[in-house]
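Data first, discussion second: the structure below is written as C-alpha cells.
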Amino acid sequence: MRKRTPQRRAPKPQSIGPIQTFNVEGLTHEAKGVARLQGKVTFIEGALPGETVTAQVTKIGRRFDEAVLTHIIEPSGHRVEPDCQHFHACGGCSFQHLAREKQLSAKADWLQGQLRHLITTQPLELLSDASIGYRRRARIAIDHKNGQMVLGFRGKASNDIVAIDRCVVLTDKLQVIFHSLKQALSVNTLSTQLGHVELLEDTQGVSVLFRLISPVSTELEAVWEDWAKKENTALYWQAPKASRADVTTDKMRYYDLSSVRLKYHPQDFIQVNASMNQKMVSQALDWLKPSKQDVIMDLFCGVGNFSLPLAQQAQSVIGVEVQENMVEAAKENARLNGLDNVSFLAADLTKPVKNELLTQQITKVLLDPPRAGAFEFLDSLIKIGPMQILYVSCNASTLARDAEYLVAKGYRVLRVSLMDMFPQTSHVETMMLLQKKK
Ligand SMILES: C[S@@+](CC[C@H](N)C(=O)[O-])C[C@H]1O[C@@H](n2cnc3c(N)ncnc32)[C@H](O)[C@@H]1O
Ligand code: SF4
C-alpha cells in the first residue's frame, strides 16, 4: 500500500536570499519600503523612503521579492522611535516608525490614488485626533508555549501570538486592565479555558469578556467575579460554542455622543475610536446639514450611531440594519433619547429590499457599510434617488467601485475626507458626499 503523503503546511517566511543593500524609493500602503534591484521590485518590511538599508530577502516571487530590514545605513529624516516596545514584532501597527504627519500624508497619497477617477479638483480633507491611547476595544489572543501562557496579538511576520506587556494604542484604562488581567491570569488556571479575551471601554466604564472553550467551575467563576469587582470592571462570559455572551437588558452597555446615549450589547459593533467617532458624527451632520424638510435614510445603521443625531435635526430618519438585536437596541435608543421621528427596520441590504423602502420620499441617505461595500444595494439607492448621499467607508477600493457607479448614474462628488480612525496602522476610513446632478 502506498503511504499517504503528509499534508504540507504553508511554509513560514524563511531567510532565503542574501543580505543586500537597497535604496528605498517609495512606501506601500501597508508601510513597506519599495526598492528596485536590477529592475525588480522588493518590498522591505521596516524600511522608509529615502533610506539606504541592508535587508534580508525572505521571499522571491516572479514579479517582486520581499525582504526584512537588517541595518539602516542612511536613515530617513522622518524616521522616529516607535512609542511601543513591541512594534517590530507585533502585527497590530505598521506605521509607528514614521513621523505622524508623514503617516497622514502617506495615507492621503494612497487614498487619492484609489479615488483618482473621482476626485480631480476637490481637496482631500482630513479628520484626525490623538495618535495613541485611542482604542476602546481590543481582542486579546491567548496561547501556551512550553507550559507558559502567551497573551497578546498576532505577529507581523507570522500568525504566532506575540506576548505583549503594554499596548500604547489602547486607552489608558484598557492599558491598566490589560496589565492586571495578565498578572491575574498568570497565577490562575482560567487561561487554559479561554479562546480569547475582549477588552472594552465606554462611557459606563471598563468591561472584560471571556470567550470560553470549556465550562468553568462556579468556584473559578467566583474568583474572577471578585477580581472584576476589585478592578471596578464588568465581566461577561461567553459559554463554549455559544455565539454570543448571554447578556440581559440590565447588563447592556452604553456610550455617549455629545447629544445622545446609545445602548448596545458588548459584542455589537461600535466605532473603536471614541473621540474620532464623535468628530465623524459631527462632520456627517455638518456636511449633510439635516433640516426639518429632510427625510433621511441611515443604511447599515448599527444601534443608531448616526441615525439618532440625524433625527435630532431632520424631519424623520429611517435606519436599516441586518442584525435584529441591534435593530431592537436602536429602537430602544430612540425611545431613551426621546426621539419619536426615527424608525428602524431589519433588512439584509445585499438582498432585494422590500418595496416599502423604495417608495419612501427620501431626501438624503447616509450609508456606512462593512468592508465589502454596498454594491448590491446601489440600484435600489438610485431608485430612491436622494438629493445627497453621504458614504462612510472603511475600504477605499469598494468605496471607489460604488462611487464610480453612482457617478455614472447621475451623482457628482462634492467633498471627500480621510478620517484617521486607526493611527499607527494602515487602515484608512473615508467620508464622501455625493450630490445628484440637476
Ligand atoms: C461599519 S458598521 C456601521 C454601524 C453604524 N453606522 C455605526 O457607526 O456604529 C456596519 C454595520 O452594517 C451592518 N451590516 C453588515 N452587513 C449588513 C447587511 N448585509 N445588511 C444590512 N446591514 C449590514 C453591521 O451589522 C454593522 O452594524
Ligand atoms: S497593537 Fe499595541 S502592542 Fe501591537 S504594535 Fe501597536 S501599540 Fe504595540
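We label chains A, B, ... in the order they appear in the C-alpha cells, count residues from 1 in each chain, and number ligands from 1 in the order shown.
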Identify, with DSSP run on backbone atoms, the residues in segment 127-304 of chain A assigned to alpha helix (DSSP H), and express the list as an MDAnalysis selection string. chainID A and resid 172:186 218:230 274:288
Which chains and residue numbers are within 12 Å of ligand 2, counting only C-alpha atoms and all ligand atoms, if I want them as a VMD selection string? chain A and resid 82 to 97 131 to 135 137 to 141 151 to 156 161 to 171 174 to 175 178 422 to 426
Quick one: residues within 9 Å of segment 211-223 of chain A, only C-alpha atoms counted, chain neighbours fewer than 5 positions away excluded, as a list of chain:residue names? A:Asn188, A:Thr189, A:Leu190, A:Thr192, A:Gln193, A:Leu194, A:Gly195, A:His196, A:Val197, A:Glu198, A:Ala228, A:Tyr236, A:Trp237, A:Gln238, A:Ala239, A:Pro240, A:Lys241, A:Arg244, A:Ala245
Which polymer residues have any atom within 10 Å of an atom of Thr121 of chain A, counting only C-alpha atoms, with same-chain residues fewer than 6 positions away left out, as a PyMOL selection string? chain A and resi 413-415
Distance filter 8 Å around ligand 1, atoms: only C-alpha atoms and all ligand atoms, out as a ChimeraX atom specification: /A:268-271,277,298-306,320-323,326,346-351,367-371,393-394
What lies within 12 Å of Asn337 of chain A using only C-alpha atoms, ignoring chain neighbours under 3 positions off, as a PyMOL selection string? chain A and resi 256-257+259-263+304+307-309+311-312+330-334+340-342
Coordinates-based distance that separates atom CA of Ala400 of chain A from atom CA of Val327 of chain A (Å, one decimal): 28.4 Å
